[in-house]
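final.txt follows; it contains compact mmCIF, C-alpha atoms.
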```
# COMPACT_ATOMS: atom_id res chain seq x y z
CA MET A 1 -20.54 -4.68 27.45
CA ILE A 2 -18.11 -6.08 24.91
CA TYR A 3 -20.53 -7.73 22.52
CA THR A 4 -24.21 -8.42 22.20
CA ARG A 5 -26.12 -10.48 19.68
CA THR A 6 -29.82 -10.47 18.96
CA PRO A 7 -31.38 -13.95 19.36
CA GLY A 8 -33.24 -15.65 16.54
CA THR A 9 -30.59 -15.45 13.80
CA SER A 10 -28.96 -18.63 12.51
CA PHE A 11 -25.21 -18.77 12.00
CA ALA A 12 -22.47 -21.18 10.89
CA THR A 13 -20.57 -23.15 13.52
CA THR A 14 -17.26 -21.55 12.49
CA ILE A 15 -18.36 -17.91 12.80
CA ILE A 16 -16.29 -15.56 14.97
CA PHE A 17 -18.64 -13.06 16.57
CA LYS A 18 -16.10 -10.64 18.01
CA THR A 19 -12.42 -10.54 18.89
CA PHE A 20 -11.32 -8.54 21.91
CA CYS A 21 -8.40 -8.21 24.28
CA PRO A 22 -8.56 -8.90 28.01
CA LEU A 23 -7.86 -6.11 30.50
CA GLY A 24 -4.09 -6.47 30.06
CA GLY A 25 -4.35 -5.22 26.47
CA CYS A 26 -3.46 -6.67 23.12
CA PRO A 27 0.06 -6.94 21.84
CA VAL A 28 0.67 -4.27 19.20
CA SER A 29 2.97 -4.90 16.27
CA PRO A 30 5.31 -2.03 15.35
CA THR A 31 4.90 -2.91 11.66
CA ILE A 32 2.06 -3.28 9.20
CA ASP A 33 1.74 -4.96 5.80
CA TYR A 34 0.46 -3.23 2.68
CA TYR A 35 -0.28 -4.78 -0.70
CA VAL A 36 0.84 -3.34 -4.03
CA THR A 37 -0.42 -4.25 -7.51
CA LEU A 38 1.66 -3.03 -10.46
CA THR A 39 0.33 -2.43 -13.98
CA ASP A 40 1.68 -1.40 -17.37
CA SER A 41 -0.78 -0.04 -19.92
CA TYR A 42 1.28 -1.21 -22.92
CA GLY A 43 2.00 -4.65 -21.47
CA ASP A 44 5.79 -4.69 -21.83
CA GLY A 45 6.79 -3.97 -18.23
CA TRP A 46 8.13 -0.74 -16.78
CA ASN A 47 11.01 -0.25 -19.27
CA GLY A 48 13.73 0.13 -16.65
CA ASN A 49 11.73 2.35 -14.28
CA VAL A 50 12.10 1.38 -10.64
CA LEU A 51 10.01 3.05 -7.95
CA ALA A 52 10.58 2.84 -4.21
CA PHE A 53 8.95 3.28 -0.84
CA LYS A 54 11.18 5.49 1.35
CA GLN A 55 10.58 5.61 5.08
CA THR A 56 12.81 7.53 7.52
CA ASP A 57 12.29 6.75 11.21
CA GLN A 58 12.88 9.02 14.24
CA THR A 59 16.52 7.93 14.53
CA GLY A 60 17.29 8.94 10.94
CA PHE A 61 17.40 5.36 9.63
CA ILE A 62 16.25 5.31 6.00
CA ASN A 63 14.51 2.20 4.69
CA ILE A 64 14.03 1.95 0.92
CA GLN A 65 12.03 -0.88 -0.64
CA THR A 66 12.04 -0.92 -4.45
CA PHE A 67 9.44 -2.24 -6.85
CA THR A 68 9.23 -2.66 -10.62
CA LEU A 69 7.43 -4.67 -13.28
CA ALA A 70 10.13 -6.44 -15.30
CA SER A 71 7.74 -7.60 -18.04
CA GLY A 72 4.08 -8.05 -18.75
CA ARG A 73 0.92 -6.13 -17.98
CA THR A 74 0.43 -6.75 -14.24
CA ILE A 75 1.85 -8.34 -11.12
CA GLY A 76 0.66 -8.53 -7.55
CA PRO A 77 -0.43 -8.09 -5.00
CA LEU A 78 3.09 -7.85 -3.60
CA ILE A 79 3.48 -7.52 0.19
CA TYR A 80 5.53 -4.69 1.73
CA THR A 81 6.07 -4.22 5.46
CA PHE A 82 6.33 -0.73 6.94
CA LYS A 83 6.87 0.74 10.37
CA LYS A 84 3.58 2.07 11.70
CA LEU A 85 2.82 5.78 11.98
CA ILE A 86 5.89 6.92 9.99
CA ASN A 87 5.23 8.57 6.62
CA VAL A 88 6.24 6.73 3.46
CA GLN A 89 7.27 8.60 0.33
CA ILE A 90 6.78 6.95 -3.06
CA ILE A 91 9.83 8.01 -5.07
CA VAL A 92 11.52 7.39 -8.41
CA ASN A 93 14.50 5.16 -7.62
CA ILE A 94 15.72 4.56 -11.20
CA MET A 95 14.41 6.53 -14.17
CA GLY A 96 13.72 4.44 -17.26
CA SER A 97 11.57 5.25 -20.27
CA TRP A 98 7.84 5.38 -21.06
CA SER A 99 6.87 6.40 -17.52
CA GLU A 100 3.37 7.30 -18.71
CA GLU A 101 2.57 3.56 -19.02
CA ILE A 102 3.11 2.90 -15.28
CA GLY A 103 0.29 2.35 -12.81
CA PHE A 104 0.08 0.91 -9.31
CA ILE A 105 -2.27 0.63 -6.36
CA VAL A 106 -1.29 0.49 -2.67
CA ARG A 107 -3.88 -1.16 -0.41
CA THR A 108 -4.28 -1.99 3.27
CA PHE A 109 -4.68 -5.61 4.38
CA ASP A 110 -8.46 -5.27 4.12
CA GLY A 111 -8.39 -3.78 0.62
CA ALA A 112 -8.75 -0.03 1.26
CA ILE A 113 -6.84 1.99 -1.34
CA VAL A 114 -4.31 4.38 0.24
CA PHE A 115 -2.60 5.43 -3.00
CA GLN A 116 -3.37 4.89 -6.67
CA ARG A 117 -1.51 6.02 -9.78
CA ASN A 118 -3.22 5.44 -13.09
CA PRO A 119 -1.21 5.21 -16.33
CA GLY A 120 -1.29 8.24 -18.59
CA MET A 121 0.98 10.82 -16.91
CA TYR A 122 4.74 11.11 -17.24
CA PHE A 123 6.97 11.41 -14.20
CA TYR A 124 10.61 12.43 -13.94
CA ALA A 125 13.68 11.33 -11.98
CA ASN A 126 13.25 13.81 -9.14
CA ASN A 127 9.52 13.20 -8.57
CA ILE A 128 7.97 12.24 -5.27
CA LEU A 129 4.87 10.50 -6.56
CA GLY A 130 3.01 10.58 -3.25
CA THR A 131 3.00 9.81 0.45
CA PHE A 132 0.95 7.80 2.91
CA CYS A 133 1.08 6.98 6.60
CA PRO A 134 1.01 3.22 7.41
CA GLY A 135 -1.33 2.40 10.24
CA CYS A 136 -2.64 5.95 10.65
CA LEU A 137 -6.33 6.42 11.25
CA ASN A 138 -8.66 8.19 8.82
CA LEU A 139 -6.80 7.33 5.65
CA SER A 140 -8.04 9.28 2.66
CA PRO A 141 -7.54 7.47 -0.65
CA ILE A 142 -5.48 9.34 -3.22
CA ASN A 143 -6.30 8.83 -6.87
CA ILE A 144 -4.21 10.52 -9.54
CA ILE A 145 -6.59 11.10 -12.44
CA THR A 146 -5.17 11.51 -15.90
CA SER A 147 -6.76 13.54 -18.61
```
Since I need it in another form, could you write the structure as structure tokens?
Amino acid sequence: MIYTRTPGTSFATTIIFKTFCPLGGCPVSPTIDYYVTLTDSYGDGWNGNVLAFKQTDQTGFINIQTFTLASGRTIGPLIYTFKKLINVQIIVNIMGSWSEEIGFIVRTFDGAIVFQRNPGMYFYANNILGTFCPGCLNLSPINIITS
């Protein structure tokens, strides 16, 4: 049984009850999109700080996608595409000033938080701020809490 529905419930004419793949299987994309929202607690942008997502595949190819907030308090969500099932490191690409003002949230397409950094803590040029695995099952949200 693929899907069952109890009779007696009304529904809109445009509702999709269930999506499934026939016996041949569904095509699987090797990539997945994540959404990033950037914030600055002071409201003047990231003061020259540039962070990056670094992903190294099995062949040794390194893909680095940078992100920064040039001015203002917030921007996003911005879309980033990653290869599935290959860890991503969140690194400091360029060290600026006032790093304690920087915050950002990385979310899946359906809004689940996979990484969150709240403003309030300094970071330094050699920091790896965190990691996550795009498309991996059982994601546990990471929240850096500042005191």
Report task. Calculate how many Å separate atom CA of Leu51 of chain A from atom CA of Ser29 of chain A, rounding to one decimal. Result ->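 Atom-to-atom, atom CA of Leu51 of chain A and atom CA of Ser29 of chain A are spaced 26.4 Å apart.
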Requested in this report: Kindly extract all protein, DNA and RNA residues lying within 6 Å of the coordinates (16.3, 3.4, -15.9) given in the file, considering all atoms listed in the file, and supply them as a ChimeraX atom specification.
Outcome: /A:48-49,94-96
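Computed from the coordinates, the atom CA of Val28 of chain A to atom CA of Phe67 of chain A distance equals 27.6 Å.
The closest residue to Pro30 of chain A, picked from A:Leu85, A:Ala12, A:Ile62, A:Ile75 and counting all atoms listed in the file, is A:Leu85.
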Query raised in the report: Between A:Lys54, A:Cys136, A:Arg107, A:Thr6, which is the closest to Val88 of chain A once you count only C-alpha atoms?
Result: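 Checking each of A:Lys54, A:Cys136, A:Arg107, A:Thr6 against Val88 of chain A, counting only C-alpha atoms, the winner is A:Lys54.
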Query - Contact residues around Thr39 of chain A with all atoms listed in the file at 9 Å, ignoring same-chain residues under 2 positions, as a list in words - result: Thr37, Ser41, Gly43, Gly45, Trp46, Leu69, Gly72, Arg73, Thr74, Ile75, Gly76, Glu101, Ile102, Gly103, Phe104, Ile105, Asn118 and Pro119 of chain A
Query raised in the report: With only C-alpha atoms as the basis for distance, which of A:Thr81, A:Cys133, A:Asn87, A:Phe11 is at the shortest distance from Asp57 of chain A?
Result: A:Asn87
**Report entry** Nearest-residue call for Pro134 of chain A, choices A:Ile32, A:Ala112, A:Ile15, A:Ala52, using all atoms listed in the file
**Finding:**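 Once distances to Pro134 of chain A are computed over all atoms listed in the file, the minimum belongs to A:Ile32.
In this model, the gap between atom CA of Ile90 of chain A and atom CA of Thr68 of chain A comes to 12.5 Å.
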Requested in this report: Go through A:Ile91, A:Val50, A:Met121, A:Leu38 one by one, measure the shortest atom-to-atom distance of each to Leu78 of chain A using only C-alpha atoms, and give the residue with the smallest value.
Outcome: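 Result for the nearest residue to Leu78 of chain A: A:Leu38.
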Query raised in the report: Counting all atoms listed in the file, which of A:Pro77, A:Tyr122, A:Arg117, A:Tyr42 gets nearest to Ser99 of chain A?
Result: A:Tyr122
Because some atoms of segment 86-119 of chain A are absent here, can you restore N, CA and C atoms and send them as a CSV table (one decimal), in the coordinates of the input?
```csv
chain,number,residue,atom,x,y,z
A,86,ILE,N,4.8,6.2,10.5
A,86,ILE,CA,5.9,6.9,10.0
A,86,ILE,C,5.6,7.1,8.5
A,87,ASN,N,5.6,8.3,8.0
A,87,ASN,CA,5.2,8.6,6.6
A,87,ASN,C,6.1,7.8,5.7
A,88,VAL,N,5.5,7.4,4.6
A,88,VAL,CA,6.2,6.7,3.5
A,88,VAL,C,6.1,7.6,2.2
A,89,GLN,N,7.3,7.9,1.6
A,89,GLN,CA,7.3,8.6,0.3
A,89,GLN,C,7.4,7.6,-0.8
A,90,ILE,N,6.7,7.8,-1.9
A,90,ILE,CA,6.8,7.0,-3.1
A,90,ILE,C,7.6,7.8,-4.0
A,91,ILE,N,8.8,7.2,-4.3
A,91,ILE,CA,9.8,8.0,-5.1
A,91,ILE,C,10.3,7.3,-6.3
A,92,VAL,N,10.9,8.0,-7.2
A,92,VAL,CA,11.5,7.4,-8.4
A,92,VAL,C,12.9,7.0,-8.0
A,93,ASN,N,13.2,5.7,-8.0
A,93,ASN,CA,14.5,5.2,-7.6
A,93,ASN,C,15.5,5.1,-8.8
A,94,ILE,N,15.0,4.6,-9.9
A,94,ILE,CA,15.7,4.6,-11.2
A,94,ILE,C,14.8,5.0,-12.3
A,95,MET,N,15.2,6.0,-13.1
A,95,MET,CA,14.4,6.5,-14.2
A,95,MET,C,14.7,5.7,-15.4
A,96,GLY,N,13.6,5.2,-16.0
A,96,GLY,CA,13.7,4.4,-17.3
A,96,GLY,C,13.0,5.2,-18.3
A,97,SER,N,12.3,4.6,-19.2
A,97,SER,CA,11.6,5.2,-20.3
A,97,SER,C,10.1,4.9,-20.2
A,98,TRP,N,9.3,5.6,-20.9
A,98,TRP,CA,7.8,5.4,-21.1
A,98,TRP,C,7.1,5.4,-19.7
A,99,SER,N,7.5,6.4,-18.9
A,99,SER,CA,6.9,6.4,-17.5
A,99,SER,C,5.4,6.6,-17.5
A,100,GLU,N,4.8,7.1,-18.6
A,100,GLU,CA,3.4,7.3,-18.7
A,100,GLU,C,2.6,6.0,-18.8
A,101,GLU,N,3.3,4.9,-19.0
A,101,GLU,CA,2.6,3.6,-19.0
A,101,GLU,C,2.4,3.0,-17.6
A,102,ILE,N,3.0,3.5,-16.6
A,102,ILE,CA,3.1,2.9,-15.3
A,102,ILE,C,1.9,3.2,-14.4
A,103,GLY,N,1.4,2.2,-13.8
A,103,GLY,CA,0.3,2.4,-12.8
A,103,GLY,C,0.5,1.4,-11.6
A,104,PHE,N,0.0,1.8,-10.5
A,104,PHE,CA,0.1,0.9,-9.3
A,104,PHE,C,-0.9,1.3,-8.3
A,105,ILE,N,-1.3,0.4,-7.4
A,105,ILE,CA,-2.3,0.6,-6.4
A,105,ILE,C,-1.7,0.1,-5.1
A,106,VAL,N,-1.7,0.9,-4.0
A,106,VAL,CA,-1.3,0.5,-2.7
A,106,VAL,C,-2.5,0.3,-1.8
A,107,ARG,N,-2.7,-0.9,-1.2
A,107,ARG,CA,-3.9,-1.2,-0.4
A,107,ARG,C,-3.5,-1.6,1.0
A,108,THR,N,-4.4,-1.4,1.9
A,108,THR,CA,-4.3,-2.0,3.3
A,108,THR,C,-4.6,-3.5,3.2
A,109,PHE,N,-4.4,-4.2,4.3
A,109,PHE,CA,-4.7,-5.6,4.4
A,109,PHE,C,-6.1,-5.9,4.1
A,110,ASP,N,-7.0,-5.0,4.4
A,110,ASP,CA,-8.5,-5.3,4.1
A,110,ASP,C,-9.0,-4.7,2.8
A,111,GLY,N,-8.0,-4.2,2.0
A,111,GLY,CA,-8.4,-3.8,0.6
A,111,GLY,C,-8.6,-2.3,0.4
A,112,ALA,N,-8.5,-1.5,1.4
A,112,ALA,CA,-8.8,0.0,1.3
A,112,ALA,C,-7.6,0.6,0.5
A,113,ILE,N,-7.9,1.4,-0.5
A,113,ILE,CA,-6.8,2.0,-1.3
A,113,ILE,C,-6.3,3.2,-0.6
A,114,VAL,N,-4.9,3.2,-0.4
A,114,VAL,CA,-4.3,4.4,0.2
A,114,VAL,C,-3.6,5.2,-0.8
A,115,PHE,N,-3.2,4.7,-1.9
A,115,PHE,CA,-2.6,5.4,-3.0
A,115,PHE,C,-2.9,4.7,-4.3
A,116,GLN,N,-3.2,5.5,-5.3
A,116,GLN,CA,-3.4,4.9,-6.7
A,116,GLN,C,-2.8,5.8,-7.7
A,117,ARG,N,-2.0,5.3,-8.6
A,117,ARG,CA,-1.5,6.0,-9.8
A,117,ARG,C,-2.0,5.3,-11.0
A,118,ASN,N,-2.8,6.0,-11.8
A,118,ASN,CA,-3.2,5.4,-13.1
A,118,ASN,C,-2.2,5.8,-14.2
A,119,PRO,N,-2.1,4.9,-15.2
A,119,PRO,CA,-1.2,5.2,-16.3
A,119,PRO,C,-1.8,6.4,-17.1
```
